[in-house]
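Asker: So I've got this file, my_file20.txt, and it contains compact mmCIF, N, CA and C atoms:
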# COMPACT_ATOMS: atom_id res chain seq x y z
N MET A 1 -101.73 42.56 1.56
CA MET A 1 -102.25 43.21 2.74
C MET A 1 -103.58 42.57 3.10
N ASN A 2 -103.69 42.16 4.36
CA ASN A 2 -104.89 41.51 4.85
C ASN A 2 -105.45 42.32 6.01
N VAL A 3 -106.68 42.80 5.88
CA VAL A 3 -107.31 43.60 6.92
C VAL A 3 -108.60 42.91 7.34
N SER A 4 -108.72 42.63 8.64
CA SER A 4 -109.98 42.08 9.14
C SER A 4 -110.57 43.08 10.13
N ILE A 5 -111.84 43.39 9.94
CA ILE A 5 -112.51 44.39 10.76
C ILE A 5 -113.61 43.69 11.55
N THR A 6 -113.60 43.89 12.86
CA THR A 6 -114.60 43.31 13.74
C THR A 6 -115.39 44.43 14.39
N PHE A 7 -116.70 44.29 14.42
CA PHE A 7 -117.57 45.27 15.05
C PHE A 7 -118.14 44.66 16.33
N ARG A 8 -118.02 45.39 17.44
CA ARG A 8 -118.61 44.93 18.70
C ARG A 8 -119.60 45.98 19.17
N HIS A 9 -120.83 45.57 19.35
CA HIS A 9 -121.91 46.44 19.80
C HIS A 9 -122.14 47.59 18.82
N VAL A 10 -121.80 47.36 17.56
CA VAL A 10 -121.97 48.36 16.51
C VAL A 10 -122.52 47.64 15.28
N ASP A 11 -123.44 48.28 14.58
CA ASP A 11 -123.88 47.73 13.31
C ASP A 11 -122.80 48.01 12.27
N SER A 12 -122.44 46.98 11.52
CA SER A 12 -121.38 47.17 10.53
C SER A 12 -121.93 47.99 9.37
N SER A 13 -121.14 48.96 8.94
CA SER A 13 -121.53 49.79 7.80
C SER A 13 -120.41 49.75 6.77
N ASP A 14 -120.83 49.78 5.52
CA ASP A 14 -119.84 49.75 4.43
C ASP A 14 -118.97 51.00 4.44
N ALA A 15 -119.56 52.13 4.81
CA ALA A 15 -118.79 53.38 4.84
C ALA A 15 -117.67 53.30 5.87
N LEU A 16 -117.97 52.75 7.04
CA LEU A 16 -116.97 52.63 8.09
C LEU A 16 -115.89 51.63 7.70
N LYS A 17 -116.28 50.52 7.07
CA LYS A 17 -115.31 49.53 6.59
C LYS A 17 -114.38 50.14 5.55
N ARG A 18 -114.96 50.84 4.58
CA ARG A 18 -114.17 51.46 3.52
C ARG A 18 -113.19 52.48 4.09
N TYR A 19 -113.69 53.32 5.00
CA TYR A 19 -112.85 54.37 5.61
C TYR A 19 -111.67 53.74 6.34
N THR A 20 -111.95 52.69 7.11
CA THR A 20 -110.90 52.03 7.88
C THR A 20 -109.87 51.38 6.96
N GLU A 21 -110.34 50.68 5.95
CA GLU A 21 -109.41 50.02 5.01
C GLU A 21 -108.55 51.01 4.26
N GLU A 22 -109.14 52.15 3.85
CA GLU A 22 -108.35 53.17 3.15
C GLU A 22 -107.24 53.72 4.05
N LYS A 23 -107.60 54.02 5.29
CA LYS A 23 -106.61 54.59 6.20
C LYS A 23 -105.51 53.59 6.53
N ILE A 24 -105.87 52.35 6.76
CA ILE A 24 -104.87 51.34 7.12
C ILE A 24 -103.97 51.01 5.93
N SER A 25 -104.53 51.04 4.74
CA SER A 25 -103.70 50.73 3.57
C SER A 25 -102.60 51.77 3.38
N LYS A 26 -102.78 52.97 3.90
CA LYS A 26 -101.74 54.01 3.80
C LYS A 26 -100.52 53.68 4.66
N LEU A 27 -100.71 52.86 5.70
CA LEU A 27 -99.57 52.48 6.56
C LEU A 27 -98.62 51.51 5.86
N GLN A 28 -99.11 50.82 4.84
CA GLN A 28 -98.28 49.82 4.14
C GLN A 28 -97.05 50.46 3.50
N LYS A 29 -97.15 51.73 3.12
CA LYS A 29 -96.00 52.37 2.46
C LYS A 29 -94.80 52.53 3.40
N PHE A 30 -95.05 52.49 4.72
CA PHE A 30 -93.94 52.61 5.68
C PHE A 30 -93.29 51.26 5.97
N LEU A 31 -93.94 50.17 5.61
CA LEU A 31 -93.45 48.83 5.94
C LEU A 31 -92.89 48.14 4.71
N ARG A 32 -91.84 47.35 4.90
CA ARG A 32 -91.23 46.64 3.78
C ARG A 32 -91.99 45.37 3.42
N GLN A 33 -92.46 44.65 4.42
CA GLN A 33 -93.14 43.39 4.18
C GLN A 33 -94.65 43.58 4.24
N PRO A 34 -95.41 42.70 3.60
CA PRO A 34 -96.87 42.82 3.64
C PRO A 34 -97.37 42.75 5.07
N MET A 35 -98.40 43.51 5.34
CA MET A 35 -98.89 43.55 6.71
C MET A 35 -100.24 42.87 6.84
N THR A 36 -100.52 42.45 8.07
CA THR A 36 -101.81 41.90 8.44
C THR A 36 -102.35 42.79 9.54
N ALA A 37 -103.56 43.29 9.35
CA ALA A 37 -104.15 44.20 10.34
C ALA A 37 -105.45 43.61 10.87
N LYS A 38 -105.60 43.72 12.18
CA LYS A 38 -106.84 43.32 12.84
C LYS A 38 -107.40 44.55 13.52
N VAL A 39 -108.58 44.96 13.08
CA VAL A 39 -109.21 46.17 13.58
C VAL A 39 -110.47 45.78 14.34
N THR A 40 -110.63 46.32 15.53
CA THR A 40 -111.83 46.09 16.31
C THR A 40 -112.45 47.45 16.62
N LEU A 41 -113.70 47.63 16.21
CA LEU A 41 -114.42 48.87 16.46
C LEU A 41 -115.51 48.58 17.49
N ILE A 42 -115.48 49.29 18.60
CA ILE A 42 -116.34 48.98 19.74
C ILE A 42 -117.09 50.23 20.18
N VAL A 43 -118.34 50.03 20.58
CA VAL A 43 -119.09 51.10 21.25
C VAL A 43 -119.34 50.64 22.67
N ASP A 44 -118.83 51.41 23.64
CA ASP A 44 -119.01 51.10 25.04
C ASP A 44 -119.65 52.31 25.70
N ARG A 45 -120.93 52.22 25.98
CA ARG A 45 -121.73 53.33 26.50
C ARG A 45 -121.65 54.50 25.52
N LEU A 46 -120.98 55.56 25.90
CA LEU A 46 -120.89 56.72 24.99
C LEU A 46 -119.53 56.81 24.30
N LYS A 47 -118.64 55.86 24.57
CA LYS A 47 -117.31 55.89 23.98
C LYS A 47 -117.27 55.09 22.68
N GLN A 48 -116.59 55.63 21.70
CA GLN A 48 -116.34 54.95 20.43
C GLN A 48 -114.87 54.54 20.45
N ILE A 49 -114.60 53.24 20.51
CA ILE A 49 -113.24 52.75 20.69
C ILE A 49 -112.76 52.06 19.42
N ALA A 50 -111.53 52.36 19.03
CA ALA A 50 -110.89 51.70 17.90
C ALA A 50 -109.60 51.06 18.38
N GLU A 51 -109.46 49.75 18.14
CA GLU A 51 -108.24 49.01 18.48
C GLU A 51 -107.68 48.45 17.19
N VAL A 52 -106.38 48.60 16.99
CA VAL A 52 -105.74 48.10 15.78
C VAL A 52 -104.46 47.35 16.16
N ARG A 53 -104.30 46.17 15.57
CA ARG A 53 -103.07 45.38 15.74
C ARG A 53 -102.51 45.11 14.35
N ILE A 54 -101.25 45.42 14.17
CA ILE A 54 -100.60 45.23 12.87
C ILE A 54 -99.41 44.30 13.04
N SER A 55 -99.29 43.35 12.13
CA SER A 55 -98.14 42.47 12.08
C SER A 55 -97.54 42.57 10.69
N SER A 56 -96.24 42.80 10.65
CA SER A 56 -95.54 42.88 9.38
C SER A 56 -94.15 42.33 9.59
N GLY A 57 -93.92 41.13 9.08
CA GLY A 57 -92.63 40.50 9.30
C GLY A 57 -92.45 40.23 10.77
N GLY A 58 -91.43 40.80 11.37
CA GLY A 58 -91.17 40.61 12.79
C GLY A 58 -91.76 41.70 13.65
N ALA A 59 -92.32 42.74 13.04
CA ALA A 59 -92.85 43.86 13.81
C ALA A 59 -94.31 43.62 14.17
N HIS A 60 -94.64 43.83 15.43
CA HIS A 60 -96.01 43.72 15.90
C HIS A 60 -96.34 45.02 16.62
N LEU A 61 -97.29 45.76 16.08
CA LEU A 61 -97.63 47.06 16.63
C LEU A 61 -99.10 47.06 17.05
N GLU A 62 -99.40 47.83 18.08
CA GLU A 62 -100.76 47.84 18.62
C GLU A 62 -101.08 49.23 19.15
N ALA A 63 -102.33 49.68 18.91
CA ALA A 63 -102.76 50.97 19.43
C ALA A 63 -104.26 50.93 19.71
N LYS A 64 -104.67 51.77 20.65
CA LYS A 64 -106.08 51.82 21.05
C LYS A 64 -106.43 53.26 21.38
N GLU A 65 -107.62 53.69 20.98
CA GLU A 65 -108.06 55.06 21.27
C GLU A 65 -109.57 55.09 21.42
N SER A 66 -110.05 55.92 22.33
CA SER A 66 -111.49 56.09 22.49
C SER A 66 -111.83 57.57 22.50
N THR A 67 -112.82 57.94 21.68
CA THR A 67 -113.32 59.31 21.62
C THR A 67 -114.84 59.24 21.49
N ASN A 68 -115.44 60.38 21.22
CA ASN A 68 -116.89 60.42 21.03
C ASN A 68 -117.30 60.10 19.60
N ASP A 69 -116.34 60.09 18.68
CA ASP A 69 -116.63 59.85 17.27
C ASP A 69 -115.76 58.70 16.76
N MET A 70 -116.37 57.73 16.08
CA MET A 70 -115.62 56.56 15.61
C MET A 70 -114.56 56.95 14.58
N TYR A 71 -114.91 57.86 13.68
CA TYR A 71 -113.95 58.28 12.65
C TYR A 71 -112.74 58.97 13.29
N ALA A 72 -112.99 59.77 14.31
CA ALA A 72 -111.89 60.43 15.01
C ALA A 72 -111.02 59.40 15.73
N SER A 73 -111.63 58.39 16.32
CA SER A 73 -110.87 57.33 16.99
C SER A 73 -109.95 56.62 16.00
N ILE A 74 -110.48 56.33 14.83
CA ILE A 74 -109.68 55.65 13.80
C ILE A 74 -108.50 56.52 13.39
N ASP A 75 -108.74 57.81 13.19
CA ASP A 75 -107.66 58.72 12.79
C ASP A 75 -106.56 58.79 13.85
N VAL A 76 -106.95 58.89 15.11
CA VAL A 76 -105.96 59.01 16.18
C VAL A 76 -105.16 57.72 16.32
N VAL A 77 -105.83 56.58 16.22
CA VAL A 77 -105.14 55.29 16.31
C VAL A 77 -104.11 55.15 15.19
N LEU A 78 -104.48 55.54 14.00
CA LEU A 78 -103.55 55.41 12.88
C LEU A 78 -102.38 56.38 13.02
N GLY A 79 -102.60 57.53 13.62
CA GLY A 79 -101.49 58.43 13.91
C GLY A 79 -100.51 57.82 14.90
N LYS A 80 -101.05 57.14 15.91
CA LYS A 80 -100.19 56.46 16.89
C LYS A 80 -99.39 55.35 16.22
N LEU A 81 -100.05 54.57 15.37
CA LEU A 81 -99.35 53.47 14.69
C LEU A 81 -98.27 53.99 13.76
N GLU A 82 -98.56 55.07 13.06
CA GLU A 82 -97.56 55.65 12.15
C GLU A 82 -96.33 56.09 12.94
N ARG A 83 -96.54 56.69 14.11
CA ARG A 83 -95.43 57.10 14.95
C ARG A 83 -94.62 55.89 15.41
N GLN A 84 -95.31 54.82 15.79
CA GLN A 84 -94.62 53.60 16.22
C GLN A 84 -93.79 53.01 15.07
N ILE A 85 -94.37 52.99 13.88
CA ILE A 85 -93.66 52.43 12.72
C ILE A 85 -92.41 53.23 12.43
N ARG A 86 -92.54 54.55 12.44
CA ARG A 86 -91.37 55.39 12.16
C ARG A 86 -90.28 55.23 13.22
N ALA A 87 -90.69 55.07 14.47
CA ALA A 87 -89.72 54.91 15.55
C ALA A 87 -88.97 53.59 15.41
N THR A 88 -89.68 52.52 15.14
CA THR A 88 -89.01 51.22 15.01
C THR A 88 -88.15 51.17 13.75
N LYS A 89 -88.62 51.80 12.71
CA LYS A 89 -87.86 51.81 11.46
C LYS A 89 -86.57 52.62 11.62
N GLY A 90 -86.66 53.77 12.29
CA GLY A 90 -85.48 54.61 12.51
C GLY A 90 -84.47 53.93 13.40
N ALA A 91 -84.93 53.26 14.44
CA ALA A 91 -84.03 52.56 15.35
C ALA A 91 -83.33 51.41 14.64
N ALA A 92 -84.07 50.69 13.80
CA ALA A 92 -83.49 49.57 13.07
C ALA A 92 -82.44 50.05 12.07
N GLN A 93 -82.73 51.14 11.38
CA GLN A 93 -81.76 51.67 10.42
C GLN A 93 -80.50 52.15 11.13
N ALA A 94 -80.64 52.79 12.24
CA ALA A 94 -79.47 53.28 12.98
C ALA A 94 -78.64 52.11 13.49
N LYS A 95 -79.30 51.07 13.90
CA LYS A 95 -78.59 49.89 14.40
C LYS A 95 -77.77 49.25 13.28
N ARG A 96 -78.36 49.17 12.08
CA ARG A 96 -77.66 48.57 10.94
C ARG A 96 -76.44 49.39 10.56
N ARG A 97 -76.54 50.68 10.68
CA ARG A 97 -75.44 51.56 10.26
C ARG A 97 -74.43 51.81 11.37
N ASP A 98 -74.67 51.26 12.54
CA ASP A 98 -73.84 51.54 13.71
C ASP A 98 -73.79 53.03 14.00
N GLY A 99 -74.89 53.68 13.69
CA GLY A 99 -74.98 55.11 13.96
C GLY A 99 -75.60 55.37 15.31
N GLU A 100 -75.87 56.63 15.54
CA GLU A 100 -76.46 57.01 16.81
C GLU A 100 -77.98 56.95 16.72
N THR A 101 -78.59 56.44 17.74
CA THR A 101 -80.04 56.51 17.81
C THR A 101 -80.40 57.88 18.36
N VAL A 102 -81.63 58.24 18.28
CA VAL A 102 -82.07 59.54 18.76
C VAL A 102 -81.79 59.68 20.25
N ARG A 103 -82.02 58.63 20.99
CA ARG A 103 -81.82 58.67 22.43
C ARG A 103 -80.35 58.88 22.79
N LYS A 104 -79.47 58.15 22.14
CA LYS A 104 -78.03 58.27 22.44
C LYS A 104 -77.51 59.64 22.04
N ALA A 105 -77.96 60.14 20.90
CA ALA A 105 -77.49 61.44 20.43
C ALA A 105 -77.92 62.55 21.39
N ALA A 106 -79.13 62.46 21.93
CA ALA A 106 -79.62 63.48 22.86
C ALA A 106 -78.80 63.48 24.15
N VAL A 107 -78.41 62.32 24.62
CA VAL A 107 -77.61 62.23 25.84
C VAL A 107 -76.23 62.82 25.61
N LYS A 108 -75.64 62.54 24.48
CA LYS A 108 -74.30 63.07 24.19
C LYS A 108 -74.31 64.58 24.07
N ARG A 109 -75.37 65.14 23.48
CA ARG A 109 -75.44 66.58 23.32
C ARG A 109 -75.84 67.29 24.60
N ALA A 110 -76.51 66.60 25.49
CA ALA A 110 -77.07 67.26 26.68
C ALA A 110 -75.99 67.71 27.66
N VAL A 111 -75.02 66.88 27.97
CA VAL A 111 -73.99 67.23 28.96
C VAL A 111 -72.61 67.02 28.36
N PRO A 112 -71.95 68.09 27.93
CA PRO A 112 -70.58 67.94 27.46
C PRO A 112 -69.66 67.57 28.64
N VAL A 113 -68.63 66.82 28.38
CA VAL A 113 -67.75 66.30 29.43
C VAL A 113 -66.92 67.40 30.06
N ASP A 114 -66.44 68.36 29.31
CA ASP A 114 -65.52 69.36 29.83
C ASP A 114 -66.21 70.53 30.54
N VAL A 115 -67.51 70.59 30.56
CA VAL A 115 -68.21 71.70 31.18
C VAL A 115 -68.68 71.29 32.57
N GLU A 116 -68.39 72.16 33.57
CA GLU A 116 -68.86 71.89 34.92
C GLU A 116 -70.24 72.49 35.10
N VAL A 117 -71.12 71.74 35.72
CA VAL A 117 -72.48 72.18 35.93
C VAL A 117 -72.65 72.59 37.38
N GLU A 118 -73.09 73.84 37.61
CA GLU A 118 -73.32 74.33 38.96
C GLU A 118 -74.72 73.94 39.40
N PRO A 119 -74.88 73.63 40.68
CA PRO A 119 -76.23 73.29 41.14
C PRO A 119 -77.13 74.51 41.07
N ALA A 120 -78.37 74.29 40.79
CA ALA A 120 -79.34 75.37 40.67
C ALA A 120 -79.65 75.92 42.06
N PRO A 121 -79.91 77.22 42.17
CA PRO A 121 -80.24 77.79 43.47
C PRO A 121 -81.57 77.23 43.97
N ARG A 122 -81.67 77.09 45.30
CA ARG A 122 -82.90 76.54 45.88
C ARG A 122 -84.01 77.58 45.77
N ILE A 123 -85.15 77.12 45.39
CA ILE A 123 -86.30 78.00 45.27
C ILE A 123 -87.34 77.53 46.28
N LYS A 124 -87.83 78.46 47.09
CA LYS A 124 -88.84 78.10 48.06
C LYS A 124 -90.20 78.00 47.38
N THR A 125 -90.91 76.97 47.74
CA THR A 125 -92.25 76.81 47.18
C THR A 125 -93.22 77.64 47.99
N ALA A 126 -94.38 77.86 47.43
CA ALA A 126 -95.40 78.66 48.10
C ALA A 126 -95.83 77.99 49.41
N ALA A 127 -95.88 76.67 49.43
CA ALA A 127 -96.29 75.95 50.64
C ALA A 127 -95.30 76.19 51.77
N LYS A 128 -94.00 76.19 51.48
CA LYS A 128 -92.99 76.43 52.50
C LYS A 128 -93.08 77.86 53.04
N ILE A 129 -93.31 78.81 52.17
CA ILE A 129 -93.41 80.21 52.59
C ILE A 129 -94.61 80.40 53.51
N VAL A 130 -95.75 79.80 53.16
CA VAL A 130 -96.95 79.90 53.98
C VAL A 130 -96.73 79.23 55.33
N LYS A 131 -96.06 78.09 55.33
CA LYS A 131 -95.79 77.36 56.57
C LYS A 131 -94.92 78.19 57.52
N LYS A 132 -93.88 78.83 56.98
CA LYS A 132 -93.00 79.67 57.80
C LYS A 132 -93.76 80.88 58.34
N ALA A 133 -94.61 81.46 57.53
CA ALA A 133 -95.39 82.61 57.97
C ALA A 133 -96.33 82.22 59.10
N ALA A 134 -96.89 81.02 59.03
CA ALA A 134 -97.78 80.54 60.09
C ALA A 134 -97.01 80.32 61.38
N LYS A 135 -95.79 79.79 61.30
CA LYS A 135 -94.95 79.60 62.48
C LYS A 135 -94.61 80.93 63.13
N ARG A 136 -94.25 81.93 62.31
CA ARG A 136 -93.92 83.24 62.83
C ARG A 136 -95.13 83.87 63.54
N ALA A 137 -96.29 83.70 62.94
CA ALA A 137 -97.50 84.26 63.53
C ALA A 137 -97.80 83.58 64.87
N ALA A 138 -97.57 82.26 64.95
CA ALA A 138 -97.82 81.53 66.20
C ALA A 138 -96.83 81.98 67.27
N LYS A 139 -95.58 82.22 66.92
CA LYS A 139 -94.58 82.69 67.88
C LYS A 139 -94.92 84.10 68.37
N ALA A 140 -95.42 84.95 67.46
CA ALA A 140 -95.74 86.32 67.81
C ALA A 140 -96.91 86.39 68.80
N LYS A 141 -97.83 85.45 68.72
CA LYS A 141 -98.98 85.41 69.63
C LYS A 141 -98.57 85.01 71.04
N ARG A 142 -97.51 84.25 71.19
CA ARG A 142 -97.06 83.77 72.51
C ARG A 142 -96.49 84.86 73.27
Take the structure in this file and express it as structure tokens.

Answerer:
Amino acid sequence: MNVSITFRHVDSSDALKRYTEEKISKLQKFLRQPMTAKVTLIVDRLKQIAEVRISSGGAHLEAKESTNDMYASIDVVLGKLERQIRATKGAAQAKRRDGETVRKAAVKRAVPVDVEVEPAPRIKTAAKIVKKAAKRAAKAKR
């Protein structure tokens, strides 16, 4: 596992480096091949931005988040990356097994073939009701 951390407009601190490396090393358990991570920590005015790019084998994942706290930005970015890793891993496993992906399964369950779907009744919006009331009032004045 190779992690490179770049600081832009921020003084580098050992605590921030350690925190970032610990959190990123936890993502390795989801990946089969060794990963390379490039982390950029940026301060732009009052925003604390964390950008992370991960490469592992053929997978290239990227996430970016900005909050008021750098540690919170790192946590949110790693949550996004974990979600991306799980999604790509699940899709790849389903493809290998010739099984259903989450998307295909949801479509099959959503509309059964033998059931007829009736159109929903029309609902008037508040804007249409107000518009009709204004027309009636204008006609009544004439």

Asker: Between A:Gln48, A:Thr67, A:Ser55, A:Ser12, single out the one closest to Leu27 (chain A), counting only C-alpha atoms.

Answerer: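 Among the listed residues, the smallest separation from Leu27 (chain A) belongs to A:Ser55.
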
Asker: What is the distance, in Å and to one decimal place, between CA of Lys38 (chain A) and CA of Arg86 (chain A)?

Answerer: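 Separation between CA of Lys38 (chain A) and CA of Arg86 (chain A): 19.6 Å.
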
Asker: Report as a PDB file with N, CA and C atoms, keeping the file's coordinate frame: the residues of region 26-102 of chain A with a DSSP assignment of helix (DSSP H, G or I), based on the backbone of this structure.

Answerer:
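Wrote it out as out-v9.pdb, contents follow:
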ATOM      1  N   LYS A  26    -102.780  52.970   3.900  1.00  0.00           N
ATOM      2  CA  LYS A  26    -101.740  54.010   3.800  1.00  0.00           C
ATOM      3  C   LYS A  26    -100.520  53.680   4.660  1.00  0.00           C
ATOM      4  N   LEU A  27    -100.710  52.860   5.700  1.00  0.00           N
ATOM      5  CA  LEU A  27     -99.570  52.480   6.560  1.00  0.00           C
ATOM      6  C   LEU A  27     -98.620  51.510   5.860  1.00  0.00           C
ATOM      7  N   GLN A  28     -99.110  50.820   4.840  1.00  0.00           N
ATOM      8  CA  GLN A  28     -98.280  49.820   4.140  1.00  0.00           C
ATOM      9  C   GLN A  28     -97.050  50.460   3.500  1.00  0.00           C
ATOM     10  N   LYS A  29     -97.150  51.730   3.120  1.00  0.00           N
ATOM     11  CA  LYS A  29     -96.000  52.370   2.460  1.00  0.00           C
ATOM     12  C   LYS A  29     -94.800  52.530   3.400  1.00  0.00           C
ATOM     13  N   PHE A  30     -95.050  52.490   4.720  1.00  0.00           N
ATOM     14  CA  PHE A  30     -93.940  52.610   5.680  1.00  0.00           C
ATOM     15  C   PHE A  30     -93.290  51.260   5.970  1.00  0.00           C
ATOM     16  N   MET A  70    -116.370  57.730  16.080  1.00  0.00           N
ATOM     17  CA  MET A  70    -115.620  56.560  15.610  1.00  0.00           C
ATOM     18  C   MET A  70    -114.560  56.950  14.580  1.00  0.00           C
ATOM     19  N   TYR A  71    -114.910  57.860  13.680  1.00  0.00           N
ATOM     20  CA  TYR A  71    -113.950  58.280  12.650  1.00  0.00           C
ATOM     21  C   TYR A  71    -112.740  58.970  13.290  1.00  0.00           C
ATOM     22  N   ALA A  72    -112.990  59.770  14.310  1.00  0.00           N
ATOM     23  CA  ALA A  72    -111.890  60.430  15.010  1.00  0.00           C
ATOM     24  C   ALA A  72    -111.020  59.400  15.730  1.00  0.00           C
ATOM     25  N   SER A  73    -111.630  58.390  16.320  1.00  0.00           N
ATOM     26  CA  SER A  73    -110.870  57.330  16.990  1.00  0.00           C
ATOM     27  C   SER A  73    -109.950  56.620  16.000  1.00  0.00           C
ATOM     28  N   ILE A  74    -110.480  56.330  14.830  1.00  0.00           N
ATOM     29  CA  ILE A  74    -109.680  55.650  13.800  1.00  0.00           C
ATOM     30  C   ILE A  74    -108.500  56.520  13.390  1.00  0.00           C
ATOM     31  N   ASP A  75    -108.740  57.810  13.190  1.00  0.00           N
ATOM     32  CA  ASP A  75    -107.660  58.720  12.790  1.00  0.00           C
ATOM     33  C   ASP A  75    -106.560  58.790  13.850  1.00  0.00           C
ATOM     34  N   VAL A  76    -106.950  58.890  15.110  1.00  0.00           N
ATOM     35  CA  VAL A  76    -105.960  59.010  16.180  1.00  0.00           C
ATOM     36  C   VAL A  76    -105.160  57.720  16.320  1.00  0.00           C
ATOM     37  N   VAL A  77    -105.830  56.580  16.220  1.00  0.00           N
ATOM     38  CA  VAL A  77    -105.140  55.290  16.310  1.00  0.00           C
ATOM     39  C   VAL A  77    -104.110  55.150  15.190  1.00  0.00           C
ATOM     40  N   LEU A  78    -104.480  55.540  14.000  1.00  0.00           N
ATOM     41  CA  LEU A  78    -103.550  55.410  12.880  1.00  0.00           C
ATOM     42  C   LEU A  78    -102.380  56.380  13.020  1.00  0.00           C
ATOM     43  N   GLY A  79    -102.600  57.530  13.620  1.00  0.00           N
ATOM     44  CA  GLY A  79    -101.490  58.430  13.910  1.00  0.00           C
ATOM     45  C   GLY A  79    -100.510  57.820  14.900  1.00  0.00           C
ATOM     46  N   LYS A  80    -101.050  57.140  15.910  1.00  0.00           N
ATOM     47  CA  LYS A  80    -100.190  56.460  16.890  1.00  0.00           C
ATOM     48  C   LYS A  80     -99.390  55.350  16.220  1.00  0.00           C
ATOM     49  N   LEU A  81    -100.050  54.570  15.370  1.00  0.00           N
ATOM     50  CA  LEU A  81     -99.350  53.470  14.690  1.00  0.00           C
ATOM     51  C   LEU A  81     -98.270  53.990  13.760  1.00  0.00           C
ATOM     52  N   GLU A  82     -98.560  55.070  13.060  1.00  0.00           N
ATOM     53  CA  GLU A  82     -97.560  55.650  12.150  1.00  0.00           C
ATOM     54  C   GLU A  82     -96.330  56.090  12.940  1.00  0.00           C
ATOM     55  N   ARG A  83     -96.540  56.690  14.110  1.00  0.00           N
ATOM     56  CA  ARG A  83     -95.430  57.100  14.950  1.00  0.00           C
ATOM     57  C   ARG A  83     -94.620  55.890  15.410  1.00  0.00           C
ATOM     58  N   GLN A  84     -95.310  54.820  15.790  1.00  0.00           N
ATOM     59  CA  GLN A  84     -94.620  53.600  16.220  1.00  0.00           C
ATOM     60  C   GLN A  84     -93.790  53.010  15.070  1.00  0.00           C
ATOM     61  N   ILE A  85     -94.370  52.990  13.880  1.00  0.00           N
ATOM     62  CA  ILE A  85     -93.660  52.430  12.720  1.00  0.00           C
ATOM     63  C   ILE A  85     -92.410  53.230  12.430  1.00  0.00           C
ATOM     64  N   ARG A  86     -92.540  54.550  12.440  1.00  0.00           N
ATOM     65  CA  ARG A  86     -91.370  55.390  12.160  1.00  0.00           C
ATOM     66  C   ARG A  86     -90.280  55.230  13.220  1.00  0.00           C
ATOM     67  N   ALA A  87     -90.690  55.070  14.470  1.00  0.00           N
ATOM     68  CA  ALA A  87     -89.720  54.910  15.550  1.00  0.00           C
ATOM     69  C   ALA A  87     -88.970  53.590  15.410  1.00  0.00           C
ATOM     70  N   THR A  88     -89.680  52.520  15.140  1.00  0.00           N
ATOM     71  CA  THR A  88     -89.010  51.220  15.010  1.00  0.00           C
ATOM     72  C   THR A  88     -88.150  51.170  13.750  1.00  0.00           C
ATOM     73  N   LYS A  89     -88.620  51.800  12.710  1.00  0.00           N
ATOM     74  CA  LYS A  89     -87.860  51.810  11.460  1.00  0.00           C
ATOM     75  C   LYS A  89     -86.570  52.620  11.620  1.00  0.00           C
ATOM     76  N   GLY A  90     -86.660  53.770  12.290  1.00  0.00           N
ATOM     77  CA  GLY A  90     -85.480  54.610  12.510  1.00  0.00           C
ATOM     78  C   GLY A  90     -84.470  53.930  13.400  1.00  0.00           C
ATOM     79  N   ALA A  91     -84.930  53.260  14.440  1.00  0.00           N
ATOM     80  CA  ALA A  91     -84.030  52.560  15.350  1.00  0.00           C
ATOM     81  C   ALA A  91     -83.330  51.410  14.640  1.00  0.00           C
ATOM     82  N   ALA A  92     -84.070  50.690  13.800  1.00  0.00           N
ATOM     83  CA  ALA A  92     -83.490  49.570  13.070  1.00  0.00           C
ATOM     84  C   ALA A  92     -82.440  50.050  12.070  1.00  0.00           C
ATOM     85  N   GLN A  93     -82.730  51.140  11.380  1.00  0.00           N
ATOM     86  CA  GLN A  93     -81.760  51.670  10.420  1.00  0.00           C
ATOM     87  C   GLN A  93     -80.500  52.150  11.130  1.00  0.00           C
ATOM     88  N   ALA A  94     -80.640  52.790  12.240  1.00  0.00           N
ATOM     89  CA  ALA A  94     -79.470  53.280  12.980  1.00  0.00           C
ATOM     90  C   ALA A  94     -78.640  52.110  13.490  1.00  0.00           C
ATOM     91  N   LYS A  95     -79.300  51.070  13.900  1.00  0.00           N
ATOM     92  CA  LYS A  95     -78.590  49.890  14.400  1.00  0.00           C
ATOM     93  C   LYS A  95     -77.770  49.250  13.280  1.00  0.00           C
ATOM     94  N   ARG A  96     -78.360  49.170  12.080  1.00  0.00           N
ATOM     95  CA  ARG A  96     -77.660  48.570  10.940  1.00  0.00           C
ATOM     96  C   ARG A  96     -76.440  49.390  10.560  1.00  0.00           C
ATOM     97  N   ARG A  97     -76.540  50.680  10.680  1.00  0.00           N
ATOM     98  CA  ARG A  97     -75.440  51.560  10.260  1.00  0.00           C
ATOM     99  C   ARG A  97     -74.430  51.810  11.370  1.00  0.00           C
ATOM    100  N   VAL A 102     -81.630  58.240  18.280  1.00  0.00           N
ATOM    101  CA  VAL A 102     -82.070  59.540  18.760  1.00  0.00           C
ATOM    102  C   VAL A 102     -81.790  59.680  20.250  1.00  0.00           C
TER     103      VAL A 102
END

Asker: Identify the residues around (-100.3, 51.6, 15.1) within a radius of 7 Å, measuring from all atoms listed in the file in the coordinates stated by the file, and give them as a PyMOL selection string.

Answerer: chain A and resi 52-54+61-63+77-85

Asker: To one decimal place, how far is CA of His9 (chain A) from CA of His60 (chain A) in Å?

Answerer: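 Pair CA of His9 (chain A) / CA of His60 (chain A) returns 26.3 Å.
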
Asker: Can you tell me, as a VMD selection string, what residues are no more than 7 Å from Gln33 (chain A) when counting all atoms listed in the file, ignoring any on the same chain fewer than 3 positions away?

Answerer: chain A and resid 30 56 to 57

Asker: Report as an MDAnalysis selection string all protein, DNA and RNA residues lying within 8 Å of Leu46 (chain A), evaluated on only N, CA and C atoms, omitting residues in the same chain fewer than 2 positions from it.

Answerer: chainID A and resid 43:44 48:49 66:69

Asker: Please, what distance in Å, to one decimal, runs between CA of Ser13 (chain A) and atom N of Pro34 (chain A)?

Answerer: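 These two atoms are separated by 27.4 Å.
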
Asker: What lies within 6.5 Å of region 1-6 of chain A using all atoms listed in the file, ignoring chain neighbours under 5 positions off, as a ChimeraX atom specification?

Answerer: /A:34-42

Asker: Quick one: what's the axis-aligned box for region 132-141 of chain A, all listed atoms, 3 Å on every side, centre and edges in Å to one decimal, as lines of an AutoDock Vina configuration file?

Answerer:
center_x = -96.0
center_y = 82.6
center_z = 64.0
size_x = 12.0
size_y = 13.6
size_z = 20.1
